[in-house]
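J.: File name protein-v1.cif; file contents mmCIF, C-alpha atoms; full text below.
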```
data_protein
#
loop_
_atom_site.label_atom_id
_atom_site.label_comp_id
_atom_site.auth_asym_id
_atom_site.auth_seq_id
_atom_site.Cartn_x
_atom_site.Cartn_y
_atom_site.Cartn_z
CA ASP Q 1 235.67 -105.96 31.05
CA GLU Q 2 232.14 -107.38 31.03
CA ILE Q 3 230.66 -105.09 28.36
CA GLY Q 4 227.50 -107.22 28.58
CA GLU Q 5 226.86 -105.81 32.07
CA LEU Q 6 226.90 -102.18 30.91
CA PRO Q 7 223.51 -100.54 31.63
CA LEU Q 8 221.53 -99.40 28.57
CA PRO Q 9 221.94 -95.64 29.30
CA LEU Q 10 225.73 -96.05 29.36
CA GLN Q 11 225.60 -98.18 26.22
CA SER Q 12 224.04 -95.29 24.31
CA LYS Q 13 226.71 -92.91 25.63
CA LEU Q 14 229.50 -95.28 24.62
CA LEU Q 15 227.94 -95.68 21.18
CA ARG Q 16 227.84 -91.89 20.76
CA VAL Q 17 231.52 -91.60 21.67
CA LEU Q 18 232.47 -94.34 19.21
CA GLN Q 19 230.39 -92.88 16.38
CA GLU Q 20 231.18 -89.20 16.83
CA ARG Q 21 234.69 -89.62 18.25
CA THR Q 22 234.06 -86.85 20.74
CA VAL Q 23 233.46 -86.55 24.48
CA ASP Q 24 231.65 -83.86 26.42
CA ARG Q 25 233.29 -83.43 29.81
CA LEU Q 26 230.85 -83.19 32.70
CA GLY Q 27 230.50 -79.48 33.44
CA GLY Q 28 232.65 -78.62 30.42
CA THR Q 29 231.78 -76.23 27.64
CA LYS Q 30 233.81 -77.72 24.79
CA THR Q 31 233.49 -80.98 22.92
CA ILE Q 32 236.76 -82.90 23.11
CA PRO Q 33 237.85 -85.00 20.13
CA VAL Q 34 239.10 -88.52 20.98
CA ASP Q 35 241.00 -91.12 18.99
CA VAL Q 36 240.48 -94.42 20.80
CA ARG Q 37 240.29 -98.13 20.19
CA VAL Q 38 238.08 -100.20 22.44
CA LEU Q 39 238.87 -103.72 23.55
CA ALA Q 40 235.89 -105.24 25.36
CA SER Q 41 235.19 -108.64 26.83
CA THR Q 42 232.22 -110.55 28.14
CA ASN Q 43 231.27 -114.06 29.15
CA GLN Q 44 227.69 -113.51 28.05
CA ASN Q 45 225.97 -114.21 24.76
CA LEU Q 46 225.39 -110.70 23.43
CA GLU Q 47 223.17 -111.92 20.59
CA GLU Q 48 220.74 -113.32 23.20
CA LYS Q 49 220.94 -110.08 25.17
CA ILE Q 50 220.08 -108.14 21.98
CA GLU Q 51 216.99 -110.35 21.47
CA LYS Q 52 215.93 -109.62 25.07
CA CYS Q 53 216.53 -105.87 24.51
CA GLU Q 54 219.25 -105.91 27.19
CA PHE Q 55 222.06 -104.88 24.84
CA ARG Q 56 221.98 -102.37 22.00
CA GLU Q 57 222.26 -103.99 18.59
CA ASP Q 58 223.90 -100.91 17.06
CA LEU Q 59 226.58 -100.89 19.76
CA TYR Q 60 227.17 -104.60 19.22
CA TYR Q 61 227.80 -104.12 15.50
CA ARG Q 62 229.89 -100.99 16.10
CA MET Q 63 232.16 -102.86 18.52
CA ASN Q 64 232.23 -106.30 16.91
CA VAL Q 65 234.95 -105.53 14.38
CA VAL Q 66 237.19 -108.40 15.42
CA GLY Q 67 235.64 -111.09 17.60
CA ILE Q 68 237.85 -113.53 19.44
CA ARG Q 69 236.38 -116.43 21.35
CA LEU Q 70 238.66 -117.47 24.17
CA PRO Q 71 237.76 -120.91 25.52
CA SER Q 72 237.18 -121.22 29.24
CA LEU Q 73 239.83 -122.79 31.45
CA ARG Q 74 237.83 -126.01 31.75
CA GLU Q 75 238.05 -126.30 27.94
CA ARG Q 76 241.85 -125.95 27.95
CA LYS Q 77 243.04 -127.91 30.94
CA GLU Q 78 246.45 -128.38 29.35
CA ASP Q 79 247.15 -124.72 30.30
CA ILE Q 80 246.62 -125.36 34.02
CA PRO Q 81 250.17 -126.55 34.88
CA LEU Q 82 251.74 -123.49 33.23
CA LEU Q 83 249.27 -121.16 34.91
CA ILE Q 84 249.96 -122.81 38.28
CA GLU Q 85 253.68 -122.26 37.80
CA HIS Q 86 253.10 -118.63 36.83
CA PHE Q 87 250.82 -117.92 39.80
CA ILE Q 88 253.14 -119.62 42.28
CA THR Q 89 256.04 -117.47 41.05
CA LYS Q 90 253.87 -114.34 41.23
CA LYS Q 91 252.54 -115.12 44.73
CA ASN Q 92 256.02 -116.05 46.00
CA LEU Q 93 257.24 -112.60 45.01
CA GLU Q 94 254.21 -110.85 46.50
CA MET Q 95 254.32 -112.73 49.81
CA GLY Q 96 258.00 -113.53 50.24
CA LYS Q 97 257.28 -117.27 50.14
CA HIS Q 98 259.35 -120.02 48.55
CA CYS Q 99 256.92 -122.55 47.08
CA VAL Q 100 258.50 -124.44 44.20
CA GLY Q 101 255.49 -126.29 42.79
CA VAL Q 102 252.62 -128.63 43.51
CA SER Q 103 252.56 -132.32 44.39
CA ASP Q 104 251.08 -134.88 42.03
CA GLU Q 105 247.98 -135.11 44.24
CA ALA Q 106 247.50 -131.32 44.22
CA LEU Q 107 247.94 -131.20 40.45
CA ARG Q 108 245.38 -133.99 40.05
CA LEU Q 109 242.89 -132.04 42.18
CA LEU Q 110 243.51 -128.83 40.25
CA MET Q 111 243.23 -130.58 36.88
CA GLY Q 112 239.96 -132.26 37.89
CA TYR Q 113 238.22 -129.11 39.08
CA GLU Q 114 235.50 -127.35 37.01
CA TRP Q 115 236.94 -123.76 37.18
CA LYS Q 116 233.64 -121.93 36.85
CA GLY Q 117 235.50 -118.77 37.86
CA ASN Q 118 238.12 -119.39 35.17
CA ILE Q 119 241.68 -118.10 35.54
CA ARG Q 120 240.78 -115.63 38.30
CA GLU Q 121 239.50 -118.51 40.41
CA LEU Q 122 242.64 -120.54 39.73
CA GLU Q 123 244.80 -117.59 40.79
CA ASN Q 124 242.86 -117.25 44.05
CA VAL Q 125 243.15 -120.98 44.73
CA ILE Q 126 246.92 -120.87 44.18
CA GLU Q 127 247.24 -117.76 46.37
CA ARG Q 128 245.43 -119.50 49.24
CA ALA Q 129 247.52 -122.64 48.74
CA VAL Q 130 250.75 -120.62 48.84
CA ILE Q 131 249.54 -118.94 52.05
CA PHE Q 132 248.67 -122.24 53.74
CA ALA Q 133 251.51 -124.39 52.41
CA GLU Q 134 253.89 -125.39 55.16
CA ASN Q 135 256.41 -126.90 52.76
CA GLU Q 136 257.99 -125.74 49.53
CA VAL Q 137 255.70 -128.06 47.59
CA ILE Q 138 251.96 -127.38 47.72
CA GLU Q 139 250.18 -130.56 48.77
CA GLY Q 140 246.62 -131.69 48.16
CA VAL Q 141 245.61 -130.72 51.70
CA ASP Q 142 246.83 -127.17 51.02
CA ILE Q 143 244.45 -127.03 48.06
CA GLY Q 144 241.65 -128.48 50.23
CA LEU Q 145 241.84 -125.65 52.75
CA MET Q 146 239.93 -123.34 50.44
CA GLY Q 147 236.37 -122.33 51.34
CA SER Q 148 233.96 -123.08 48.51
CA GLY Q 149 236.64 -124.87 46.50
CA ALA Q 150 236.98 -127.55 49.17
CA THR Q 151 233.39 -128.64 48.67
CA ALA Q 152 233.73 -128.79 44.91
CA LEU Q 153 237.05 -130.58 45.10
CA SER Q 154 235.77 -133.12 47.60
CA GLY Q 155 233.25 -134.26 45.03
CA LYS Q 156 236.17 -135.13 42.77
CA ASN Q 157 238.13 -136.88 45.50
CA GLU Q 158 236.26 -138.84 48.16
CA ASN Q 159 239.36 -139.04 50.36
CA LEU Q 160 239.78 -135.27 50.52
CA HIS Q 161 237.37 -134.92 53.44
CA ASP Q 162 239.30 -137.54 55.42
CA SER Q 163 242.60 -135.90 54.45
CA LEU Q 164 241.34 -132.54 55.69
CA ARG Q 165 240.25 -134.02 59.01
CA ALA Q 166 243.63 -135.72 59.44
CA TYR Q 167 245.46 -132.51 58.56
CA GLU Q 168 243.33 -130.49 60.96
CA LYS Q 169 243.91 -133.02 63.75
CA GLU Q 170 247.66 -132.99 63.07
CA GLN Q 171 247.75 -129.18 63.22
CA ILE Q 172 245.84 -129.10 66.51
CA TYR Q 173 248.24 -131.65 68.06
CA ARG Q 174 251.22 -129.71 66.73
CA VAL Q 175 250.05 -126.46 68.36
CA LEU Q 176 249.09 -128.20 71.60
CA ASN Q 177 252.49 -129.86 71.80
CA LYS Q 178 254.21 -126.57 71.06
CA TYR Q 179 252.55 -125.01 74.11
CA ASP Q 180 252.84 -128.10 76.35
CA TRP Q 181 249.10 -128.71 76.09
CA ASN Q 182 248.39 -125.37 77.79
CA LYS Q 183 245.13 -124.36 76.13
CA ALA Q 184 245.19 -120.86 77.66
CA LYS Q 185 248.08 -119.68 75.45
#
```
Kindly transcribe the structure held in the file into structure tokens.
T.:
Amino acid sequence: DEIGELPLPLQSKLLRVLQERTVDRLGGTKTIPVDVRVLASTNQNLEEKIEKCEFREDLYYRMNVVGIRLPSLRERKEDIPLLIEHFITKKNLEMGKHCVGVSDEALRLLMGYEWKGNIRELENVIERAVIFAENEVIEGVDIGLMGSGATALSGKNENLHDSLRAYEKEQIYRVLNKYDWNKAK
């Protein structure tokens, strides 16, 4: 993952392994033959990195046998509902929760978001929503409880800030009522 971040000294070592199909174990005395296939990914433009001498051209051509460009999540928003369903199921199992889906408002917020962090960001957002959801259906306010995501989402929905304040106020009243307004508990 992220082959474009590999430092130049390690790039030359990886190139040697791929060309010679051998590895020298640290502290070892024998060269070990290897038969491997490498699957690498990056979100960087390696051609630009080659021009800037930040990535070895010979390693690029050695590894670029089959190139597959996978569009970012913001380029394939139609996948978001299926991914949400998958992550909710996964997080339910991990946390012993019973969320069954997202409300229309939550789906609208999730579909309108930029997803700069791609699928990993979506998974984290769904995990937080599953944690904070008080009902079986994840609501828009559950989505809005996320740290940096709340700011980005509020730009897409002007009422989100007001919804968050109302939700926060409701939760404070709920806890105060639960403890008969005894603030020491």
J.: Quote the spacing between CA of Ile119 in chain Q and CA of Lys90 in chain Q in Å to one decimal place.
T.: 14.0 Å
J.: What does the structure give for the distance between CA of Leu107 in chain Q and CA of His86 in chain Q, in Å to one decimal?
T.: 14.1 Å
J.: Which one is closest to Ala106 in chain Q: Q:Pro9, Q:Ala133, Q:Leu73, Q:Lys52? Count only C-alpha atoms.
T.: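 Result for the nearest residue to Ala106 in chain Q: Q:Ala133.
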J.: Return the single residue from Q:Leu18, Q:Leu59, Q:Val34, Q:Leu122 that is closest to Gly4 in chain Q, with distances computed using all atoms listed in the file.
T.: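 Of Q:Leu18, Q:Leu59, Q:Val34, Q:Leu122, the one nearest Gly4 in chain Q, counting all atoms listed in the file, is Q:Leu59.
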J.: So how many Å separate CA of Ile50 in chain Q and CA of Leu14 in chain Q, to one decimal?
T.: 16.2 Å
J.: Have a look at Q:Glu75, Q:Glu127, Q:Glu47, Q:Glu134 and name the one nearest to Met95 in chain Q; count all atoms listed in the file.
T.: Q:Glu127
J.: Write out as a PyMOL selection string each polymer residue whose atoms come within 12 Å of Asn92 in chain Q, counting only C-alpha atoms; drop sequence neighbours fewer than 4 positions from it.
T.: chain Q and resi 84-88+96-101+126-131+133+136
J.: Got time to write the residues from that selection, C-alpha atoms, as a PDB file, in the frame of the given file?
T.:
```pdb
ATOM      1  CA  ILE Q  84     249.960-122.810  38.280  1.00  0.00           C
ATOM      2  CA  GLU Q  85     253.680-122.260  37.800  1.00  0.00           C
ATOM      3  CA  HIS Q  86     253.100-118.630  36.830  1.00  0.00           C
ATOM      4  CA  PHE Q  87     250.820-117.920  39.800  1.00  0.00           C
ATOM      5  CA  ILE Q  88     253.140-119.620  42.280  1.00  0.00           C
ATOM      6  CA  GLY Q  96     258.000-113.530  50.240  1.00  0.00           C
ATOM      7  CA  LYS Q  97     257.280-117.270  50.140  1.00  0.00           C
ATOM      8  CA  HIS Q  98     259.350-120.020  48.550  1.00  0.00           C
ATOM      9  CA  CYS Q  99     256.920-122.550  47.080  1.00  0.00           C
ATOM     10  CA  VAL Q 100     258.500-124.440  44.200  1.00  0.00           C
ATOM     11  CA  GLY Q 101     255.490-126.290  42.790  1.00  0.00           C
ATOM     12  CA  ILE Q 126     246.920-120.870  44.180  1.00  0.00           C
ATOM     13  CA  GLU Q 127     247.240-117.760  46.370  1.00  0.00           C
ATOM     14  CA  ARG Q 128     245.430-119.500  49.240  1.00  0.00           C
ATOM     15  CA  ALA Q 129     247.520-122.640  48.740  1.00  0.00           C
ATOM     16  CA  VAL Q 130     250.750-120.620  48.840  1.00  0.00           C
ATOM     17  CA  ILE Q 131     249.540-118.940  52.050  1.00  0.00           C
ATOM     18  CA  ALA Q 133     251.510-124.390  52.410  1.00  0.00           C
ATOM     19  CA  GLU Q 136     257.990-125.740  49.530  1.00  0.00           C
TER      20      GLU Q 136
END
```
J.: Expand the PyMOL selection byres ((chain Q and resi 60-72) around 8) into the explicit residue set it covers here, and present it as a PDB file with C-alpha atoms, in the frame of the given file.
T.:
```pdb
ATOM      1  CA  LEU Q  15     227.940 -95.680  21.180  1.00  0.00           C
ATOM      2  CA  LEU Q  18     232.470 -94.340  19.210  1.00  0.00           C
ATOM      3  CA  VAL Q  38     238.080-100.200  22.440  1.00  0.00           C
ATOM      4  CA  LEU Q  46     225.390-110.700  23.430  1.00  0.00           C
ATOM      5  CA  PHE Q  55     222.060-104.880  24.840  1.00  0.00           C
ATOM      6  CA  ARG Q  56     221.980-102.370  22.000  1.00  0.00           C
ATOM      7  CA  GLU Q  57     222.260-103.990  18.590  1.00  0.00           C
ATOM      8  CA  ASP Q  58     223.900-100.910  17.060  1.00  0.00           C
ATOM      9  CA  LEU Q  59     226.580-100.890  19.760  1.00  0.00           C
ATOM     10  CA  LEU Q  73     239.830-122.790  31.450  1.00  0.00           C
ATOM     11  CA  ARG Q  74     237.830-126.010  31.750  1.00  0.00           C
ATOM     12  CA  GLU Q  75     238.050-126.300  27.940  1.00  0.00           C
ATOM     13  CA  ARG Q  76     241.850-125.950  27.950  1.00  0.00           C
ATOM     14  CA  ASN Q 118     238.120-119.390  35.170  1.00  0.00           C
TER      15      ASN Q 118
END
```
